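Enquirer: So I've got this file, work-v3.txt, and it contains compact mmCIF, C-alpha atoms and all ligand atoms:
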# COMPACT_ATOMS: atom_id res chain seq x y z
CA MET A 1 -4.39 33.86 75.34
CA LYS A 2 -8.07 33.06 74.98
CA LEU A 3 -9.19 31.84 71.56
CA ALA A 4 -11.84 34.59 71.52
CA ASP A 5 -9.11 37.21 72.00
CA LYS A 6 -6.98 35.70 69.24
CA ILE A 7 -10.00 35.85 66.93
CA SER A 8 -10.83 39.45 67.91
CA ARG A 9 -7.32 40.84 67.88
CA GLY A 10 -5.65 38.83 65.14
CA GLU A 11 -5.62 39.50 61.44
CA ARG A 12 -9.05 39.17 59.81
CA PRO A 13 -10.51 36.82 58.79
CA PHE A 14 -9.75 34.08 61.30
CA VAL A 15 -10.55 31.05 59.15
CA VAL A 16 -11.85 27.70 60.34
CA ALA A 17 -11.65 25.07 57.59
CA GLY A 18 -11.99 21.33 57.14
CA PRO A 19 -14.62 18.85 56.04
CA CYS A 20 -18.29 18.86 56.98
CA SER A 21 -17.79 15.27 58.17
CA ALA A 22 -14.75 13.13 58.85
CA GLU A 23 -15.07 10.25 56.35
CA SER A 24 -11.67 8.52 56.55
CA GLU A 25 -8.28 9.06 58.15
CA GLN A 26 -6.80 9.86 54.78
CA GLN A 27 -9.58 12.31 53.81
CA VAL A 28 -9.21 14.28 57.06
CA MET A 29 -5.41 14.37 56.89
CA SER A 30 -5.21 15.35 53.22
CA ILE A 31 -7.71 18.22 53.32
CA CYS A 32 -6.37 19.54 56.64
CA LYS A 33 -2.80 19.57 55.30
CA GLU A 34 -4.00 21.36 52.19
CA VAL A 35 -5.97 24.10 53.94
CA ALA A 36 -3.22 24.58 56.52
CA GLN A 37 -0.97 25.93 53.76
CA ASN A 38 -3.15 29.02 53.81
CA SER A 39 -1.93 31.30 56.59
CA SER A 40 -5.44 32.58 57.35
CA VAL A 41 -6.54 29.09 58.41
CA LYS A 42 -6.12 29.03 62.17
CA LEU A 43 -8.41 26.19 63.26
CA LEU A 44 -9.31 22.80 61.72
CA ARG A 45 -12.86 21.50 61.77
CA ALA A 46 -14.46 18.12 61.08
CA GLY A 47 -17.87 16.78 62.05
CA ILE A 48 -17.66 13.54 64.02
CA TRP A 49 -21.30 13.32 65.14
CA LYS A 50 -23.64 14.83 62.55
CA PRO A 51 -27.07 16.11 63.59
CA ARG A 52 -29.12 15.40 60.48
CA THR A 53 -32.56 16.81 59.93
CA ARG A 54 -33.96 13.51 58.60
CA PRO A 55 -32.91 10.00 59.66
CA ASN A 56 -31.07 7.68 57.28
CA SER A 57 -28.63 10.31 56.09
CA PHE A 58 -24.99 9.94 57.11
CA GLU A 59 -24.81 10.65 60.84
CA GLY A 60 -21.04 10.77 61.26
CA LEU A 61 -18.56 8.03 62.07
CA GLY A 62 -18.44 8.85 65.77
CA GLU A 63 -15.55 8.37 68.20
CA ILE A 64 -13.40 6.34 65.84
CA ALA A 65 -12.81 9.49 63.80
CA LEU A 66 -11.67 11.72 66.70
CA PRO A 67 -7.98 10.70 66.52
CA TRP A 68 -7.97 11.40 62.77
CA LEU A 69 -8.76 15.06 63.43
CA VAL A 70 -6.39 15.27 66.40
CA ASN A 71 -3.58 13.77 64.27
CA ALA A 72 -4.29 16.21 61.45
CA GLY A 73 -3.96 19.00 64.03
CA LYS A 74 -0.60 17.66 65.18
CA ALA A 75 0.65 17.26 61.60
CA THR A 76 -0.21 20.87 60.74
CA ASN A 77 0.45 22.42 64.12
CA LEU A 78 -3.10 23.80 64.24
CA PRO A 79 -5.79 23.43 66.91
CA THR A 80 -8.88 21.35 66.14
CA THR A 81 -12.62 21.69 66.69
CA THR A 82 -15.67 19.47 66.44
CA GLU A 83 -19.38 19.68 67.23
CA VAL A 84 -20.65 18.23 70.49
CA ALA A 85 -24.33 17.75 71.24
CA ASN A 86 -24.36 15.90 74.55
CA LYS A 87 -22.28 14.90 77.59
CA LYS A 88 -20.95 11.72 75.95
CA HIS A 89 -19.65 13.70 72.98
CA VAL A 90 -17.97 16.17 75.33
CA GLU A 91 -16.23 13.43 77.28
CA ALA A 92 -15.03 11.64 74.15
CA ALA A 93 -13.81 14.86 72.49
CA LEU A 94 -11.91 15.97 75.61
CA LYS A 95 -10.35 12.52 76.05
CA ALA A 96 -9.18 12.50 72.44
CA GLY A 97 -7.56 15.94 72.83
CA ILE A 98 -9.81 18.15 70.70
CA ASP A 99 -8.89 21.79 71.44
CA VAL A 100 -12.12 23.71 70.83
CA LEU A 101 -15.77 22.56 70.96
CA TRP A 102 -18.65 23.93 68.98
CA ILE A 103 -22.36 23.77 69.65
CA GLY A 104 -24.47 23.17 66.53
CA ALA A 105 -27.56 25.10 65.51
CA ARG A 106 -29.89 22.21 66.36
CA THR A 107 -28.42 22.07 69.86
CA THR A 108 -28.41 25.80 70.66
CA VAL A 109 -32.15 25.70 70.17
CA ASN A 110 -32.56 23.35 73.15
CA PRO A 111 -31.75 24.79 76.60
CA PHE A 112 -31.73 21.30 78.19
CA ALA A 113 -29.02 20.11 75.80
CA VAL A 114 -27.02 23.34 76.17
CA GLN A 115 -27.21 23.06 79.96
CA GLU A 116 -26.11 19.40 79.87
CA ILE A 117 -23.02 20.33 77.83
CA ALA A 118 -22.24 23.35 80.00
CA ASP A 119 -22.52 21.19 83.13
CA ALA A 120 -20.22 18.57 81.60
CA LEU A 121 -17.60 21.30 81.10
CA LYS A 122 -17.67 22.70 84.65
CA GLY A 123 -14.13 23.21 85.89
CA ILE A 124 -12.59 22.62 82.45
CA GLU A 125 -10.88 25.38 80.51
CA ILE A 126 -11.77 24.98 76.88
CA PRO A 127 -12.93 27.44 74.23
CA VAL A 128 -16.51 26.96 73.01
CA MET A 129 -18.05 28.34 69.81
CA ILE A 130 -21.84 28.60 69.71
CA LYS A 131 -23.78 28.57 66.46
CA ASN A 132 -27.00 30.53 66.26
CA PRO A 133 -30.17 28.50 66.88
CA ILE A 134 -31.94 27.35 63.70
CA ASN A 135 -34.83 29.71 64.49
CA PRO A 136 -34.19 33.47 64.44
CA ASP A 137 -34.29 33.94 68.21
CA LEU A 138 -31.59 36.22 69.58
CA GLN A 139 -32.60 35.49 73.18
CA LEU A 140 -32.02 31.77 72.75
CA TRP A 141 -28.57 32.45 71.31
CA LEU A 142 -27.73 34.87 74.15
CA GLY A 143 -29.08 32.35 76.66
CA ALA A 144 -26.68 29.67 75.43
CA PHE A 145 -23.69 31.98 76.05
CA GLU A 146 -25.02 32.73 79.52
CA ARG A 147 -25.40 29.03 80.37
CA PHE A 148 -21.72 28.44 79.55
CA GLU A 149 -20.63 31.55 81.41
CA GLN A 150 -22.53 30.42 84.49
CA ALA A 151 -20.69 27.10 84.27
CA GLY A 152 -17.39 29.01 84.30
CA ILE A 153 -16.62 28.72 80.57
CA THR A 154 -15.66 32.22 79.48
CA ASP A 155 -13.71 31.68 76.26
CA LEU A 156 -16.69 32.01 73.93
CA THR A 157 -17.18 32.83 70.26
CA ALA A 158 -20.35 33.09 68.16
CA ILE A 159 -20.89 31.41 64.81
CA HIS A 160 -23.53 32.84 62.48
CA ARG A 161 -24.84 30.10 60.17
CA GLY A 162 -28.22 31.48 59.12
CA PHE A 163 -31.79 30.49 59.98
CA SER A 164 -34.14 27.80 58.69
CA VAL A 165 -36.86 28.67 56.22
CA TYR A 166 -39.84 26.70 55.04
CA LYS A 167 -38.89 26.95 51.39
CA HIS A 168 -35.29 27.39 50.28
CA ALA A 169 -34.99 30.51 48.18
CA LYS A 170 -31.56 31.79 47.23
CA TYR A 171 -29.95 30.50 50.41
CA ARG A 172 -30.27 27.24 52.30
CA ASN A 173 -30.55 29.23 55.53
CA VAL A 174 -31.47 32.92 55.42
CA PRO A 175 -28.70 35.06 56.89
CA SER A 176 -31.03 37.58 58.62
CA TRP A 177 -27.94 39.70 59.24
CA GLN A 178 -29.87 41.91 61.65
CA ILE A 179 -29.66 39.10 64.26
CA PRO A 180 -25.85 38.74 64.44
CA ILE A 181 -25.68 42.55 64.24
CA ALA A 182 -28.01 42.71 67.27
CA LEU A 183 -25.83 40.11 69.01
CA LYS A 184 -22.80 42.35 68.42
CA GLU A 185 -24.70 45.26 69.91
CA GLU A 186 -25.69 43.27 73.03
CA ARG A 187 -22.39 41.45 73.41
CA PRO A 188 -19.59 43.43 71.75
CA ASP A 189 -17.11 41.23 73.63
CA LEU A 190 -18.00 38.12 71.58
CA PRO A 191 -16.24 37.68 68.24
CA ILE A 192 -18.43 36.42 65.41
CA ILE A 193 -17.41 33.86 62.82
CA CYS A 194 -19.66 33.62 59.76
CA ASP A 195 -20.37 30.17 58.32
CA PRO A 196 -21.18 30.90 54.66
CA SER A 197 -21.21 27.17 53.87
CA HIS A 198 -24.37 26.50 55.89
CA ILE A 199 -25.94 29.85 55.00
CA THR A 200 -25.65 29.38 51.25
CA GLY A 201 -25.71 25.61 50.81
CA ARG A 202 -24.00 26.36 47.46
CA ARG A 203 -20.31 26.85 46.82
CA ASP A 204 -20.87 29.51 44.12
CA LEU A 205 -22.36 31.88 46.71
CA LEU A 206 -19.66 31.49 49.36
CA LEU A 207 -17.67 34.52 48.23
CA GLU A 208 -20.56 37.00 48.29
CA VAL A 209 -21.64 35.96 51.78
CA SER A 210 -18.05 35.91 53.07
CA GLN A 211 -17.56 39.41 51.68
CA LYS A 212 -20.73 40.63 53.37
CA ALA A 213 -19.54 39.18 56.68
CA MET A 214 -16.23 41.03 56.29
CA ASP A 215 -18.06 44.24 55.42
CA LEU A 216 -20.09 43.85 58.60
CA ASN A 217 -16.84 43.57 60.54
CA PHE A 218 -17.24 39.94 61.51
CA GLU A 219 -13.97 38.50 62.70
CA GLY A 220 -13.88 35.13 60.99
CA LEU A 221 -15.18 32.57 58.51
CA MET A 222 -15.91 28.86 58.84
CA ILE A 223 -15.76 27.24 55.40
CA GLU A 224 -16.31 23.54 54.75
CA THR A 225 -13.58 22.03 52.61
CA HIS A 226 -13.22 18.55 51.14
CA PRO A 227 -10.66 16.84 48.88
CA ASN A 228 -13.46 15.91 46.47
CA PRO A 229 -16.53 17.98 47.39
CA ASP A 230 -18.99 16.42 44.97
CA GLU A 231 -18.36 13.01 46.54
CA ALA A 232 -18.78 14.26 50.13
CA TRP A 233 -21.01 12.14 52.38
CA SER A 234 -22.72 15.26 53.74
CA ASP A 235 -23.25 18.80 52.42
CA ALA A 236 -21.62 18.04 49.06
CA ALA A 237 -22.99 21.09 47.21
CA GLN A 238 -21.51 23.62 49.62
CA GLN A 239 -18.00 22.25 50.17
CA VAL A 240 -14.94 23.50 48.30
CA THR A 241 -11.48 22.12 47.64
CA GLY A 242 -8.38 23.61 49.21
CA ASP A 243 -7.87 25.60 46.00
CA GLY A 244 -11.50 26.75 46.12
CA LEU A 245 -10.91 28.07 49.63
CA LYS A 246 -7.73 29.81 48.51
CA ASP A 247 -9.64 31.50 45.66
CA ILE A 248 -12.37 32.78 47.98
CA LEU A 249 -9.91 34.16 50.52
CA SER A 250 -7.77 35.82 47.87
CA GLN A 251 -10.79 37.62 46.39
CA LEU A 252 -12.05 39.03 49.68
CA VAL A 253 -11.75 42.78 49.97
CA LEU A 254 -10.86 43.69 53.55
CA ARG A 255 -11.94 47.17 54.45
CA SER A 256 -10.65 49.19 57.33
CA VAL A 257 -11.66 47.96 60.76
CA GLU A 258 -10.80 51.31 62.31
CA VAL A 259 -14.23 52.67 61.46
CA SER A 260 -14.56 55.04 64.37
CA GLU A 261 -11.38 56.88 63.37
CA ASP A 262 -12.33 57.32 59.82
CA LEU A 263 -15.45 59.02 58.54
CA GLN A 264 -15.35 57.15 55.26
CA GLY A 265 -15.26 53.83 57.09
CA MET A 266 -18.13 54.81 59.38
CA MET A 267 -20.24 55.72 56.40
CA LYS A 268 -19.49 52.39 54.79
CA GLU A 269 -20.58 50.48 57.86
CA LEU A 270 -23.82 52.44 58.10
CA ARG A 271 -24.51 51.93 54.42
CA THR A 272 -23.93 48.21 54.71
CA LYS A 273 -26.47 48.14 57.54
CA ILE A 274 -28.85 50.09 55.32
CA SER A 275 -28.41 47.57 52.51
CA VAL A 276 -29.21 44.79 55.01
CA LEU A 277 -32.43 46.62 55.88
CA ASP A 278 -33.24 47.11 52.20
CA ASP A 279 -32.85 43.35 51.70
CA ARG A 280 -35.32 42.85 54.55
CA ILE A 281 -37.78 45.30 52.98
CA PHE A 282 -37.65 43.31 49.73
CA GLU A 283 -38.00 40.03 51.65
CA ILE A 284 -41.09 41.40 53.43
CA LEU A 285 -42.57 42.86 50.24
CA GLY A 286 -42.05 39.50 48.50
CA ALA A 287 -43.90 37.75 51.33
CA ARG A 288 -46.66 40.39 51.14
CA MET A 289 -47.11 39.76 47.41
CA GLU A 290 -47.38 36.02 48.05
CA LEU A 291 -50.21 36.62 50.52
CA SER A 292 -51.82 39.01 48.11
CA GLU A 293 -51.76 36.33 45.42
CA GLU A 294 -53.53 33.97 47.84
CA VAL A 295 -56.23 36.63 48.30
CA GLY A 296 -56.34 36.92 44.49
CA GLN A 297 -56.95 33.20 44.25
CA LEU A 298 -59.93 33.49 46.64
CA LYS A 299 -61.30 36.43 44.65
CA ARG A 300 -60.98 34.43 41.48
CA GLU A 301 -62.68 31.34 42.91
CA ASN A 302 -65.53 33.49 44.24
CA SER A 303 -65.81 35.80 41.25
CA LEU A 304 -64.96 38.92 43.22
CA THR A 305 -63.43 42.05 41.70
CA ILE A 306 -59.76 42.67 42.30
CA LEU A 307 -60.32 46.17 43.60
CA GLN A 308 -62.45 46.37 46.74
CA GLN A 309 -62.56 50.15 47.12
CA ASP A 310 -63.88 50.31 50.71
CA HIS A 311 -61.39 47.80 51.98
CA TRP A 312 -58.51 49.64 50.32
CA LYS A 313 -59.58 52.95 51.86
CA GLN A 314 -59.55 51.34 55.31
CA VAL A 315 -56.08 49.92 54.67
CA ILE A 316 -54.68 53.32 53.65
CA ASP A 317 -56.32 55.10 56.60
CA SER A 318 -55.05 52.58 59.15
CA ARG A 319 -51.49 52.62 57.77
CA ILE A 320 -51.43 56.42 57.80
CA GLU A 321 -52.66 56.38 61.36
CA ASN A 322 -49.95 53.89 62.44
CA ARG A 323 -47.10 55.70 60.75
CA GLY A 324 -46.32 57.99 63.70
CA ASP A 325 -44.17 55.42 65.48
CA TYR A 326 -41.80 55.29 62.54
CA ARG A 327 -41.28 59.02 61.91
CA LEU A 328 -42.65 58.76 58.37
CA THR A 329 -44.61 61.56 56.71
CA GLN A 330 -48.23 61.09 55.67
CA GLN A 331 -47.31 61.85 52.06
CA PHE A 332 -44.59 59.20 52.02
CA VAL A 333 -46.84 56.52 53.54
CA ARG A 334 -49.53 57.35 51.00
CA GLN A 335 -47.08 57.09 48.08
CA LEU A 336 -45.54 53.91 49.42
CA MET A 337 -48.90 52.22 49.98
CA ASP A 338 -50.08 53.26 46.52
CA ALA A 339 -46.96 51.74 44.96
CA ILE A 340 -47.44 48.54 46.96
CA HIS A 341 -51.09 48.45 45.97
CA GLN A 342 -50.27 48.80 42.29
CA GLU A 343 -47.79 45.95 42.47
CA SER A 344 -50.28 43.86 44.43
CA ILE A 345 -52.98 44.44 41.79
CA ARG A 346 -50.48 43.35 39.15
CA HIS A 347 -49.89 40.07 41.05
CA GLN A 348 -53.62 39.47 41.56
CA THR A 349 -54.34 40.22 37.91
CA LYS A 350 -51.83 37.56 36.96
CA VAL A 351 -53.61 35.08 39.25
CA MET A 352 -57.00 36.13 37.83
CA ASN A 353 -55.85 35.58 34.26
CA THR A 354 -54.18 32.23 34.78
CA LYS A 355 -56.08 29.65 32.78
CA LYS A 356 -57.83 27.05 34.92
CA GLN A 357 -56.15 23.66 34.56
CA SER A 358 -58.51 21.32 32.78
CA SER A 359 -59.09 18.26 34.95
C1 LIG B 401 -21.82 21.71 60.61
O1 LIG B 401 -21.13 22.69 60.86
O2 LIG B 401 -21.43 20.73 59.96
C2 LIG B 401 -23.24 21.72 61.04
C3 LIG B 401 -23.95 20.62 61.16
O3 LIG B 401 -23.68 22.96 61.20
P1 LIG B 401 -25.07 23.56 61.73
O4 LIG B 401 -25.16 23.23 63.18
O5 LIG B 401 -24.83 24.98 61.45
O6 LIG B 401 -26.18 22.98 60.89
MN MN B 402 -22.04 20.63 57.13
How does this structure look as structure tokens?

Expert:
Amino acid sequence: MKLADKISRGERPFVVAGPCSAESEQQVMSICKEVAQNSSVKLLRAGIWKPRTRPNSFEGLGEIALPWLVNAGKATNLPTTTEVANKKHVEAALKAGIDVLWIGARTTVNPFAVQEIADALKGIEIPVMIKNPINPDLQLWLGAFERFEQAGITDLTAIHRGFSVYKHAKYRNVPSWQIPIALKEERPDLPIICDPSHITGRRDLLLEVSQKAMDLNFEGLMIETHPNPDEAWSDAAQQVTGDGLKDILSQLVLRSVEVSEDLQGMMKELRTKISVLDDRIFEILGARMELSEEVGQLKRENSLTILQQDHWKQVIDSRIENRGDYRLTQQFVRQLMDAIHQESIRHQTKVMNTKKQSS
């Protein structure tokens, strides 16, 4: 049976676990044996070649570490997966006997690299998991699946690992759940595994993101695990021990998947989508307030009043005029804009009243 079918049809969540990077034979074997005791763990991961954002961080041990992962797979009777980013990686991984390949976020973003890997796999039957690109571009993600399909690779799974942001806020990579949800709408045949480790960057947030993924009906989770997470050579803050993984999985609440049969379930799914949209509204309002503070700074430097009556009237009029596309009433848009304006004035007043730093 295809891996994608096992993930879709098997018990949820299908868990992929193992270290961010393979560091030693002993490290890979010990953590893989530990996580394998958990029956939800169905696939072992370890990074062999690490795509790092900046040079001079640990870039993976390379080929020497492939047999460590393969041996851990044999010892636990579980299949193995690693990230490949070019043809050489593919050839080495296949030769070593890795069972499943995954394409990293920094590779999905590059159609040349994706095509090179797809071409290297022509005529070979192997499951491939594709992480979302680091930028929030659904088309690029869809395009990567299509490149593999055109090369004859049809056992495909998506991994949602969040999207890069300029400044880290709560999460290392913002989940932008609307994108994997849109992927599910376009390609309901592809199972989605959520990678809360790379979304959060912090082990204390893994449970809440894993729970959200389950509530959105994602099929699986990829969670980085390490015998001694704080000492990990890469992604130390987000890795958990085998016990940490067990804790997270035992606390997950799994709601009914049979949503269409059950009105209650359908309502839950819709409400979860609504809460995702609410999060986006807050994200957008936060960004709006930041811009408004920048305007406040200019007003302060140029001794302008906070309230510019004519400008505000134009803003209200244009928003009311544009509202038609969104099926919103004039009264609602007026109230909403007034509330936003009040909050914006509060932010600008704060900027206005900040004492100048004495130089
Ligand atoms: C990883 O899974 O270790 C990894 C590098 O992930 P990503 O491509 O999501 O950054
Ligand atoms: Mn990692």

Enquirer: Kindly indicate which residue among A:Ile284, A:Met129, A:Asp247, A:Pro227 lies nearest to Leu190 in chain A, using all atoms listed in the file for the distances.

Expert: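 Looking at the shortest contact to Leu190 in chain A, the residue is A:Met129.
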
Enquirer: Name the residues, by chain letter and number, that sit within 12 Å of ligand MN 402 (chain B) using all atoms listed in the file, and give them as a ChimeraX atom specification.

Expert: /A:17-22,45-53,58-60,82-83,104-105,161,172,195-202,222-226,229,232-240

Enquirer: Calculated over all atoms listed in the file, which of the candidates A:Glu25, A:Ile31, A:Leu3, A:Val114 has the smallest distance to Gly242 in chain A?

Expert: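 Closest residue, counting all atoms listed in the file: A:Ile31.
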
Enquirer: When you count only C-alpha atoms, which of these residues is closest to Gln115 in chain A: A:Lys95, A:His168, A:Lys131, A:Lys87?

Expert: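 Closest residue, counting only C-alpha atoms: A:Lys87.
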
Enquirer: Tell me which protein, DNA and RNA residues are within 9 Å of range 212-214 of chain A, counting only C-alpha atoms, leaving out same-chain ones fewer than 4 positions away, and put them as a list in words.

Expert: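 Result of the neighbour search: Arg12, Pro13, Trp177, Ile193, Cys194, Pro196, Leu207, Glu208, Phe218, Glu219, Gly220, Leu221, Leu252, Val253, Leu254, Arg255 and Thr272 of chain A.
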
Enquirer: For the residues in the current selection, export C-alpha atoms as a PDB file, in the frame of the given file.

Expert:
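File selection.pdb, as written:
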ATOM      1  CA  ARG A  12      -9.050  39.170  59.810  1.00  0.00           C
ATOM      2  CA  PRO A  13     -10.510  36.820  58.790  1.00  0.00           C
ATOM      3  CA  TRP A 177     -27.940  39.700  59.240  1.00  0.00           C
ATOM      4  CA  ILE A 193     -17.410  33.860  62.820  1.00  0.00           C
ATOM      5  CA  CYS A 194     -19.660  33.620  59.760  1.00  0.00           C
ATOM      6  CA  PRO A 196     -21.180  30.900  54.660  1.00  0.00           C
ATOM      7  CA  LEU A 207     -17.670  34.520  48.230  1.00  0.00           C
ATOM      8  CA  GLU A 208     -20.560  37.000  48.290  1.00  0.00           C
ATOM      9  CA  PHE A 218     -17.240  39.940  61.510  1.00  0.00           C
ATOM     10  CA  GLU A 219     -13.970  38.500  62.700  1.00  0.00           C
ATOM     11  CA  GLY A 220     -13.880  35.130  60.990  1.00  0.00           C
ATOM     12  CA  LEU A 221     -15.180  32.570  58.510  1.00  0.00           C
ATOM     13  CA  LEU A 252     -12.050  39.030  49.680  1.00  0.00           C
ATOM     14  CA  VAL A 253     -11.750  42.780  49.970  1.00  0.00           C
ATOM     15  CA  LEU A 254     -10.860  43.690  53.550  1.00  0.00           C
ATOM     16  CA  ARG A 255     -11.940  47.170  54.450  1.00  0.00           C
ATOM     17  CA  THR A 272     -23.930  48.210  54.710  1.00  0.00           C
TER      18      THR A 272
END

Enquirer: Mind giving me the straight-line distance from CA of Asp243 in chain A to CA of Gly73 in chain A in Å, one decimal?

Expert: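 Spanning CA of Asp243 in chain A to CA of Gly73 in chain A is a straight-line distance of 19.6 Å.
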
Enquirer: Residues within 12 Å of Glu283 in chain A, please, as JSON, numbers by chain. Count only C-alpha atoms; anything in the same chain fewer than 6 positions from it doesn't count.

Expert: {"A": [169, 170, 174, 175, 176, 276, 277, 289, 290]}
